[in-house]
Structure formats: C-alpha cells, structure tokens
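Contents: one structure, followed by commentary.
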Amino acid sequence: MNISLDHRVVRGKKTASRIIDGEAIVVTPENRMLHSLNKVGTRIWEIIKEEKRIRDIVDLICQEFEVSKDKAREDVLEFIQKLDQRQMVDIRP
Amino acid sequence: MSKKFELKVKIAGICFSIVSESPEVIQLLKKWYDGFLSSGKPVGRIEIEVNDIEAGHRGVNFFTKNEHVYALDRDFMGCINLREDWGKIIIKDARYSLVDIFPRVFYSMLALKYDGFLIHAAGMLKGDSGLLFTGPSGAGKTTVSRLSQERYQIVNDDIVAVRKIDGEFRLFGTPFWGTINIKRKNRSGRLKAIFVLKKDNRLHFKKMGGREALGALMSNILLFTTQLQMNEKILDLSLEVLKKTPIYKMHFLPEDSFLGWINEHIT
C-alpha cells in the first residue's frame with residue numbers, strides 16, 4: 001500500500017499493547033509476536049489509539065520532539081509503513 | 001431425546017463440565033482425566049457430539065469472530081462462546097486425540113477469566129515449590145522430566161496450568177496430553193522459577209529479562225483466539241509472572257547435571 005500524509009491510521013482492533021518503562025510493547029495476535037517501540041514510536045502508538053490523519057501525527061511529533069518537518073514526515077511515513085507491514089494498524093484513505 | 005452423560009473436570013481450581021451423548025467419549029475422558037474429576041460447581045460447559053463429518057482440510061484452523069472462536073479441521077468442527085463460557089464440537093469418531101482437543105482449547109480460554117493460563121511446559125514440584133521447564137515440542141521437556149523423576153514430583157511433562165491465587169502464581173498439573181509414562185498429577189506448588197529449554201553440548205544458565213523473557217514466556221502459552229481482551233490478559237499476566245518469578249535460559253545436555261545447579265540456586 002502506498003501511504004500518504006492524507007491517510008488515516010489507527011491501532012489494529014486486535015493488537016494488544018502495554019507501555020512498560022516508557023516503551024510500548026505490542027503483540028500482533030495472529031503470530032503472537034512481540035514488537036517493542038522506541039520513544040518516538042511509543043508516542044505515535046499513543047496518538048493512534050484514536051484514528052488520526054498522518055499529517056496531524058507529523059505536526060504533533062514536530063511540536064513534541066526537536067525534529068524538522070521534512071525529517072518528521074519521512075520518519076513517520078516510514079514508521080507507519082512498517083506498522084502496516086506487520087499488521088499492527090488499520091489504514092484508510 | 002437421547003440420554004446425555006456428564007463429566008465434571010477441575011483443573012487449577014476451575015471446574016467445567018463436559019457433556020456428550022456418546023458413552024465412549026465420556027469413558028475415554030474419565031479414564032484419561034482420572035484424578036481431575038470433580039463434583040464441584042462448573043463455571044463452563046462443553047458438549048461433544050460424535051458424527052461422521054467431513055469438516056474441512058487437515059490441520060486445525062482457529063478463527064475468532066466477535067465473541068466466538070471457531071475451530072475447524074478435517075475431523076472436527078467446534079465453536080466456543082467466550083462471553084457465556086460454553087462450547088460445542090462435532091468430532092468424526094471417538095478417538096482420544098480428537099476427544100481431548102476441545103476440552104484443552106476451551107479450558108485455555110476459560111482459565112484466563114480466572115487469572116490462569118495453560119503453558120507448554122513440564123511442571124515439577126518439591127514440597128510447595130514449583131518449577132516450569134518450557135519450550136516447544138522437541139525442546140526437551142520430556143527429557144528433563146525423565147531425568148528429574150527421582151528428585152521431583154512431575155505433574156505433567158507437556159502442558160501445565162499457571163494461576164494467580166491471592167496475588168501468588170502457582171503451577172498446577174493438568175490431565176492434558178503428556179508423553180512420559182507416569183500418571184499426570186493434580187497437585188500444585190508456588191511458582192519459583194521458569195526455565196526456557198535449549199538443548200546444547202554444555203550446561204549453562206542465563207538469566208533472562210525484558211522483551212526476550214516476555215517473548216519466551218508468551219510464545220509458549222496456549223491461546224487459540226485473536227480476541228483483543230484475551231491477548232491483553234495474556235500480556236498482563238505474563239508481565240506479572242515475570243515481575244515475581246526469575247526466568248532462565250537453560251542450555252543443557254541429556255543428563256541430570258542441571259539438577260545440581262537448580263538445587264544450589266533455586267530450591
């Protein structure tokens with residue numbers, strides 16, 4: 001799937017997760033694989049508890065972390081793409 | 001209406017009933033679940049029907065839709081209602097390998113509601129201390145059980161129950177599977193340590209932590225549904241177990257030298 005800034009993203013309905021010591025641990029239910037997210041990934045994971053437009057996630061990350069808009073855009077898109085490949089999120093246009 | 005036979009089974013203090021019109025099914029389970037039969041009040045109920053069906057392809061498929069879990073194989077088809085704790089399965093014939101599947105699957109989900117879970121592990125007791133040796137098929141659970149028989153009481157060498165009671169995790173014997181030629185025991189002990197088995201050419205113990213420990217524990221817990229609440233419950237229970245119980249990677253040889261290390265450091 002080609003993901004753009006206008007797509008909306010939300011955590012997968014069956015994806016269990018907990019935040020331990022500031023780090024999100026996510027379990028994908030089909031294969032019971034564990035995924036641990038870094039600080040920024042964990043923040044994005046918190047944000048997408050509710051459905052969000054990727055463009056809005058980028059804005060929030062720019063406000064909260066010292067990162068340029070271009071870099072944030074690139075990193076957030078790449079991160080969401082990875083979550084999608086691992087079936088951890090639902091994405092819709 | 002045909003007569004239905006009922007059997008009540010209690011594992012880790014959780015009682016459920018198994019109902020069938022087939023006396024062969026009940027006789028098989030009565031024999032195999034000896035020591036785990038109960039007259040208590042059941043909190044769940046399953047029905048096993050024998051009927052000549054062609055259900056699906058070989059190899060079990062589980063899928064979850066809302067609060068139901070469906071199981072389909074060439075020789076059986078079943079459904080479990082997770083909210084109301086009942087289930088029904090139709091099996092092709094009353095052979096043990098088919099009869100035992102559903103109670104195990106059903107119990108793995110029922111136990112979660114009572115802070116318990118089933119795990120692929122050999123469970124051993126010394127007094128009130130319990131040890132779990134976990135790993136997938138071929139990891140060495142039966143080997144470790146055989147080597148420990150003289151010093152520990154083996155409750156099961158394949159599937160063990162763990163349940164939190166009064167804030168403490170205890171391991172319990174189950175009547176499920178088990179390959180070692182000893183009787184599965186309905187006993188329990190406080191969970192003192194967990195060992196993740198790894199066959200090797202030397203004896204070596206390594207304390208595990210973080211994601212590695214969590215992954216090793218969770219991957220051996222039996223759960224047949226993708227339902228969010230159940231997966232969250234497994235995650236929470238696993239995290240709590242690891243907070244209270246040390247977990248080690250145990251590289252071992254097929255001889256009993258590991259018992260000396262455990263005796264010195266754990267029991």
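By order of appearance in the structure tokens: chains A, B, ..., then residues from 1 within every chain, and ligands from 1 in the order shown.
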Please identify all polymer residues within 12 Å of Val26 (chain A), counting only C-alpha atoms, omitting same-chain residues fewer than 2 positions from it, and present them as an MDAnalysis selection string.
(chainID A and resid 11:12 14:20 23:24 28:29 31:38 41:42 45:46 83 86:89) or (chainID B and resid 211 214:215 228 231:232 235:236)
Can I get the selection written as an mmCIF file, in the first residue's frame, with N, CA and C atoms?
data_model
loop_
_atom_site.group_PDB
_atom_site.id
_atom_site.type_symbol
_atom_site.label_atom_id
_atom_site.label_comp_id
_atom_site.auth_asym_id
_atom_site.auth_seq_id
_atom_site.Cartn_x
_atom_site.Cartn_y
_atom_site.Cartn_z
ATOM 1 N N ARG A 11 -4.681 2.066 15.621
ATOM 2 C CA ARG A 11 -4.178 0.760 16.064
ATOM 3 C C ARG A 11 -5.099 -0.363 15.587
ATOM 4 N N GLY A 12 -4.520 -1.502 15.260
ATOM 5 C CA GLY A 12 -5.325 -2.657 14.860
ATOM 6 C C GLY A 12 -6.273 -3.065 15.983
ATOM 7 N N LYS A 14 -7.283 -5.821 17.080
ATOM 8 C CA LYS A 14 -6.951 -6.988 17.905
ATOM 9 C C LYS A 14 -5.535 -6.907 18.466
ATOM 10 N N THR A 15 -4.902 -5.761 18.303
ATOM 11 C CA THR A 15 -3.498 -5.641 18.693
ATOM 12 C C THR A 15 -3.369 -5.236 20.161
ATOM 13 N N ALA A 16 -2.861 -6.145 20.971
ATOM 14 C CA ALA A 16 -2.710 -5.864 22.408
ATOM 15 C C ALA A 16 -1.409 -5.109 22.645
ATOM 16 N N SER A 17 -1.429 -4.157 23.559
ATOM 17 C CA SER A 17 -0.181 -3.440 23.857
ATOM 18 C C SER A 17 -0.191 -2.905 25.274
ATOM 19 N N ARG A 18 0.996 -2.706 25.801
ATOM 20 C CA ARG A 18 1.170 -2.086 27.111
ATOM 21 C C ARG A 18 2.420 -1.217 27.050
ATOM 22 N N ILE A 19 2.430 -0.155 27.882
ATOM 23 C CA ILE A 19 3.645 0.670 27.913
ATOM 24 C C ILE A 19 4.413 0.339 29.186
ATOM 25 N N ILE A 20 5.625 -0.163 29.008
ATOM 26 C CA ILE A 20 6.461 -0.584 30.131
ATOM 27 C C ILE A 20 7.714 0.290 30.129
ATOM 28 N N GLU A 23 8.206 2.421 27.183
ATOM 29 C CA GLU A 23 8.380 1.777 25.881
ATOM 30 C C GLU A 23 7.158 0.901 25.582
ATOM 31 N N ALA A 24 6.563 1.099 24.411
ATOM 32 C CA ALA A 24 5.392 0.298 24.068
ATOM 33 C C ALA A 24 5.805 -1.112 23.643
ATOM 34 N N THR A 28 1.256 -8.740 18.137
ATOM 35 C CA THR A 28 0.385 -8.982 16.981
ATOM 36 C C THR A 28 -0.300 -10.332 17.191
ATOM 37 N N PRO A 29 -1.623 -10.335 17.162
ATOM 38 C CA PRO A 29 -2.369 -11.512 17.609
ATOM 39 C C PRO A 29 -2.241 -12.746 16.730
ATOM 40 N N ASN A 31 0.309 -14.009 15.120
ATOM 41 C CA ASN A 31 1.518 -14.815 15.324
ATOM 42 C C ASN A 31 2.084 -14.661 16.733
ATOM 43 N N ARG A 32 1.391 -13.910 17.598
ATOM 44 C CA ARG A 32 1.818 -13.615 18.977
ATOM 45 C C ARG A 32 3.279 -13.139 19.021
ATOM 46 N N MET A 33 3.649 -12.318 18.046
ATOM 47 C CA MET A 33 4.995 -11.740 18.025
ATOM 48 C C MET A 33 5.005 -10.476 18.862
ATOM 49 N N LEU A 34 6.133 -10.252 19.547
ATOM 50 C CA LEU A 34 6.271 -9.027 20.339
ATOM 51 C C LEU A 34 7.057 -8.003 19.559
ATOM 52 N N HIS A 35 6.645 -6.759 19.642
ATOM 53 C CA HIS A 35 7.373 -5.672 18.989
ATOM 54 C C HIS A 35 7.561 -4.591 20.047
ATOM 55 N N SER A 36 8.790 -4.134 20.242
ATOM 56 C CA SER A 36 8.960 -3.024 21.174
ATOM 57 C C SER A 36 9.278 -1.758 20.370
ATOM 58 N N LEU A 37 8.674 -0.666 20.785
ATOM 59 C CA LEU A 37 8.818 0.593 20.052
ATOM 60 C C LEU A 37 9.715 1.549 20.824
ATOM 61 N N ASN A 38 10.455 2.373 20.092
ATOM 62 C CA ASN A 38 11.307 3.359 20.759
ATOM 63 C C ASN A 38 10.449 4.539 21.249
ATOM 64 N N GLY A 41 8.326 6.175 18.545
ATOM 65 C CA GLY A 41 7.362 5.169 18.110
ATOM 66 C C GLY A 41 6.279 4.964 19.162
ATOM 67 N N THR A 42 6.693 4.954 20.412
ATOM 68 C CA THR A 42 5.736 4.796 21.511
ATOM 69 C C THR A 42 4.759 5.963 21.546
ATOM 70 N N TRP A 45 2.345 5.534 18.831
ATOM 71 C CA TRP A 45 1.424 4.465 19.214
ATOM 72 C C TRP A 45 0.321 5.005 20.141
ATOM 73 N N GLU A 46 0.733 5.901 21.063
ATOM 74 C CA GLU A 46 -0.267 6.517 21.961
ATOM 75 C C GLU A 46 -1.249 7.374 21.161
ATOM 76 N N LEU A 83 4.532 -0.489 10.540
ATOM 77 C CA LEU A 83 3.414 -0.983 11.361
ATOM 78 C C LEU A 83 2.389 -1.688 10.469
ATOM 79 N N ARG A 86 3.488 -5.109 9.381
ATOM 80 C CA ARG A 86 3.380 -6.093 10.473
ATOM 81 C C ARG A 86 1.941 -6.277 10.947
ATOM 82 N N GLN A 87 1.021 -5.706 10.228
ATOM 83 C CA GLN A 87 -0.412 -5.814 10.526
ATOM 84 C C GLN A 87 -0.763 -5.330 11.933
ATOM 85 N N MET A 88 -0.119 -4.231 12.336
ATOM 86 C CA MET A 88 -0.368 -3.685 13.673
ATOM 87 C C MET A 88 -1.365 -2.528 13.637
ATOM 88 N N VAL A 89 -1.670 -2.035 12.438
ATOM 89 C CA VAL A 89 -2.558 -0.871 12.330
ATOM 90 C C VAL A 89 -3.589 -1.076 11.212
ATOM 91 N N ARG B 211 12.285 -7.890 26.894
ATOM 92 C CA ARG B 211 11.482 -8.433 25.799
ATOM 93 C C ARG B 211 11.795 -9.902 25.529
ATOM 94 N N LEU B 214 9.866 -11.954 28.064
ATOM 95 C CA LEU B 214 8.430 -11.862 27.770
ATOM 96 C C LEU B 214 8.076 -12.692 26.525
ATOM 97 N N GLY B 215 8.905 -12.569 25.504
ATOM 98 C CA GLY B 215 8.669 -13.312 24.262
ATOM 99 C C GLY B 215 8.741 -14.811 24.497
ATOM 100 N N LEU B 228 -8.938 -9.329 21.330
ATOM 101 C CA LEU B 228 -8.086 -8.335 21.980
ATOM 102 C C LEU B 228 -8.007 -8.506 23.500
ATOM 103 N N ASN B 231 -5.875 -11.401 24.527
ATOM 104 C CA ASN B 231 -4.449 -11.176 24.294
ATOM 105 C C ASN B 231 -3.870 -10.160 25.281
ATOM 106 N N GLU B 232 -4.685 -9.177 25.644
ATOM 107 C CA GLU B 232 -4.232 -8.213 26.661
ATOM 108 C C GLU B 232 -4.075 -8.895 28.017
ATOM 109 N N LEU B 235 -0.910 -10.824 28.060
ATOM 110 C CA LEU B 235 0.212 -9.893 28.178
ATOM 111 C C LEU B 235 0.367 -9.428 29.632
ATOM 112 N N ASP B 236 -0.739 -9.054 30.261
ATOM 113 C CA ASP B 236 -0.693 -8.580 31.648
ATOM 114 C C ASP B 236 -0.237 -9.682 32.611
#
Mind checking which residues fall within 12 Å of Tyr114 (chain B), counting only C-alpha atoms, ignoring those fewer than 5 positions away in the same chain, and posting them as a VMD selection string?
chain B and resid 11 to 15 43 to 44 107 to 109 161 to 166 230 233 to 234 237
For the residues selected in the previous step, produce a file with N, CA and C atoms as an mmCIF file, in the first residue's frame.
data_model
loop_
_atom_site.group_PDB
_atom_site.id
_atom_site.type_symbol
_atom_site.label_atom_id
_atom_site.label_comp_id
_atom_site.auth_asym_id
_atom_site.auth_seq_id
_atom_site.Cartn_x
_atom_site.Cartn_y
_atom_site.Cartn_z
ATOM 1 N N ILE B 11 -9.489 -28.224 37.076
ATOM 2 C CA ILE B 11 -8.053 -28.020 36.857
ATOM 3 C C ILE B 11 -7.690 -26.658 37.427
ATOM 4 N N ALA B 12 -6.680 -26.622 38.245
ATOM 5 C CA ALA B 12 -6.247 -25.371 38.894
ATOM 6 C C ALA B 12 -7.425 -24.675 39.598
ATOM 7 N N GLY B 13 -8.287 -25.469 40.178
ATOM 8 C CA GLY B 13 -9.411 -24.920 40.944
ATOM 9 C C GLY B 13 -10.570 -24.428 40.085
ATOM 10 N N ILE B 14 -10.483 -24.617 38.771
ATOM 11 C CA ILE B 14 -11.547 -24.143 37.868
ATOM 12 C C ILE B 14 -12.285 -25.366 37.317
ATOM 13 N N CYS B 15 -13.579 -25.424 37.610
ATOM 14 C CA CYS B 15 -14.362 -26.610 37.250
ATOM 15 C C CYS B 15 -15.230 -26.335 36.011
ATOM 16 N N VAL B 43 -18.111 -23.740 36.001
ATOM 17 C CA VAL B 43 -18.265 -22.348 35.535
ATOM 18 C C VAL B 43 -18.257 -22.285 33.998
ATOM 19 N N GLY B 44 -18.173 -23.441 33.361
ATOM 20 C CA GLY B 44 -18.229 -23.501 31.906
ATOM 21 C C GLY B 44 -18.732 -24.869 31.485
ATOM 22 N N TYR B 107 -10.587 -24.888 27.872
ATOM 23 C CA TYR B 107 -10.045 -24.538 29.190
ATOM 24 C C TYR B 107 -9.026 -23.401 29.093
ATOM 25 N N SER B 108 -8.242 -23.378 28.010
ATOM 26 C CA SER B 108 -7.216 -22.328 27.889
ATOM 27 C C SER B 108 -7.857 -20.936 27.912
ATOM 28 N N MET B 109 -9.072 -20.848 27.401
ATOM 29 C CA MET B 109 -9.758 -19.547 27.374
ATOM 30 C C MET B 109 -10.541 -19.306 28.655
ATOM 31 N N ALA B 161 -0.789 -25.853 33.997
ATOM 32 C CA ALA B 161 -1.562 -24.627 34.224
ATOM 33 C C ALA B 161 -0.829 -23.740 35.229
ATOM 34 N N VAL B 162 -0.926 -22.433 35.029
ATOM 35 C CA VAL B 162 -0.403 -21.454 35.991
ATOM 36 C C VAL B 162 -1.567 -20.548 36.346
ATOM 37 N N ARG B 163 -1.737 -20.273 37.638
ATOM 38 C CA ARG B 163 -2.857 -19.416 38.016
ATOM 39 C C ARG B 163 -2.453 -18.528 39.190
ATOM 40 N N LYS B 164 -2.926 -17.294 39.135
ATOM 41 C CA LYS B 164 -2.656 -16.355 40.233
ATOM 42 C C LYS B 164 -3.768 -16.513 41.274
ATOM 43 N N ILE B 165 -3.347 -16.870 42.483
ATOM 44 C CA ILE B 165 -4.315 -17.013 43.566
ATOM 45 C C ILE B 165 -3.792 -16.206 44.749
ATOM 46 N N ASP B 166 -4.605 -15.290 45.249
ATOM 47 C CA ASP B 166 -4.209 -14.392 46.343
ATOM 48 C C ASP B 166 -2.878 -13.701 46.042
ATOM 49 N N MET B 230 -8.465 -10.997 25.412
ATOM 50 C CA MET B 230 -7.748 -12.204 25.849
ATOM 51 C C MET B 230 -6.242 -12.030 25.641
ATOM 52 N N LYS B 233 -4.993 -9.818 28.295
ATOM 53 C CA LYS B 233 -4.923 -10.527 29.578
ATOM 54 C C LYS B 233 -3.658 -11.388 29.650
ATOM 55 N N ILE B 234 -3.342 -12.068 28.549
ATOM 56 C CA ILE B 234 -2.110 -12.867 28.496
ATOM 57 C C ILE B 234 -0.886 -11.970 28.708
ATOM 58 N N LEU B 237 -0.794 -10.881 32.426
ATOM 59 C CA LEU B 237 -0.407 -11.983 33.322
ATOM 60 C C LEU B 237 1.072 -12.328 33.146
#
Looking only at helix (DSSP H, G or I) from DSSP on the backbone, list the matching residues of chain A as an NGL selection string.
:A and (39-47 or 54-64 or 69-85)
Measuring atom to atom with only C-alpha atoms, identify which of A:Val10, A:Met1, A:Ile25, A:Ile44 is nearest to chain B.
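Using only C-alpha atoms, chain B sits closest to A:Ile25.
For the pair CA of Lys126 (chain B) and CA of Ile159 (chain B), the interatomic distance is 18.2 Å.
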Which residues are close to Val40 (chain A), i.e. within 12 Å by only C-alpha atoms, leaving aside same-chain residues fewer than 3 positions away? Reply as a list in words.
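Listing them by chain and then by number gives Gly22, Glu23, Ala24, Ser36, Leu37, Arg43, Ile44, Trp45, Glu46, Ile47, Ile57, Val58, Leu60, Ile61, Cys62, Glu64, Phe65, Glu66, Val67, Ala72, Asp75, Val76, Phe79 and Ile80 of chain A.
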Can you pull out the residues contacting Glu84 (chain B)? Cut-off 10 Å, using only C-alpha atoms, and skip same-chain residues under 4 positions away; I want them as a PyMOL selection string.
chain B and resi 43-45+67-68+80+110
Between B:Lys65, B:Lys30, B:Arg190, B:Arg74, smallest distance to chain A by only C-alpha atoms belongs to B:Lys65
Quick one: residues within 9 Å of Ile48 (chain B), only C-alpha atoms counted, chain neighbours fewer than 4 positions away excluded, as a PyMOL selection string?
chain B and resi 18-22+25+78+87-91+99+102
Distance query Ser97 (chain B) at most 12 Å, only C-alpha atoms, self and fewer than 2 positions along chain excluded, as JSON, numbers by chain:
{"B": [25, 28, 29, 32, 75, 76, 91, 92, 93, 94, 95, 99, 100, 101, 102, 103, 104, 176, 177]}
Would you output that residue set with C-alpha atoms, as a CSV table (one decimal), in the first residue's frame?
chain,number,residue,atom,x,y,z
B,25,VAL,CA,-16.3,-40.1,24.7
B,28,LEU,CA,-12.3,-42.1,27.4
B,29,LEU,CA,-12.2,-38.8,29.2
B,32,TRP,CA,-7.6,-40.0,30.9
B,75,ASP,CA,-12.1,-34.4,11.5
B,76,PHE,CA,-13.9,-31.9,13.7
B,91,ILE,CA,-15.9,-34.9,16.0
B,92,LYS,CA,-15.7,-37.6,13.4
B,93,ASP,CA,-15.1,-40.5,15.8
B,94,ALA,CA,-14.5,-41.1,19.5
B,95,ARG,CA,-10.7,-41.5,19.4
B,99,VAL,CA,-11.8,-36.1,22.2
B,100,ASP,CA,-9.1,-34.3,24.1
B,101,ILE,CA,-8.6,-31.4,21.8
B,102,PHE,CA,-11.7,-29.4,22.7
B,103,PRO,CA,-11.5,-29.5,26.5
B,104,ARG,CA,-7.9,-28.2,26.2
B,176,PHE,CA,-3.8,-32.9,29.0
B,177,TRP,CA,-1.5,-34.8,26.8
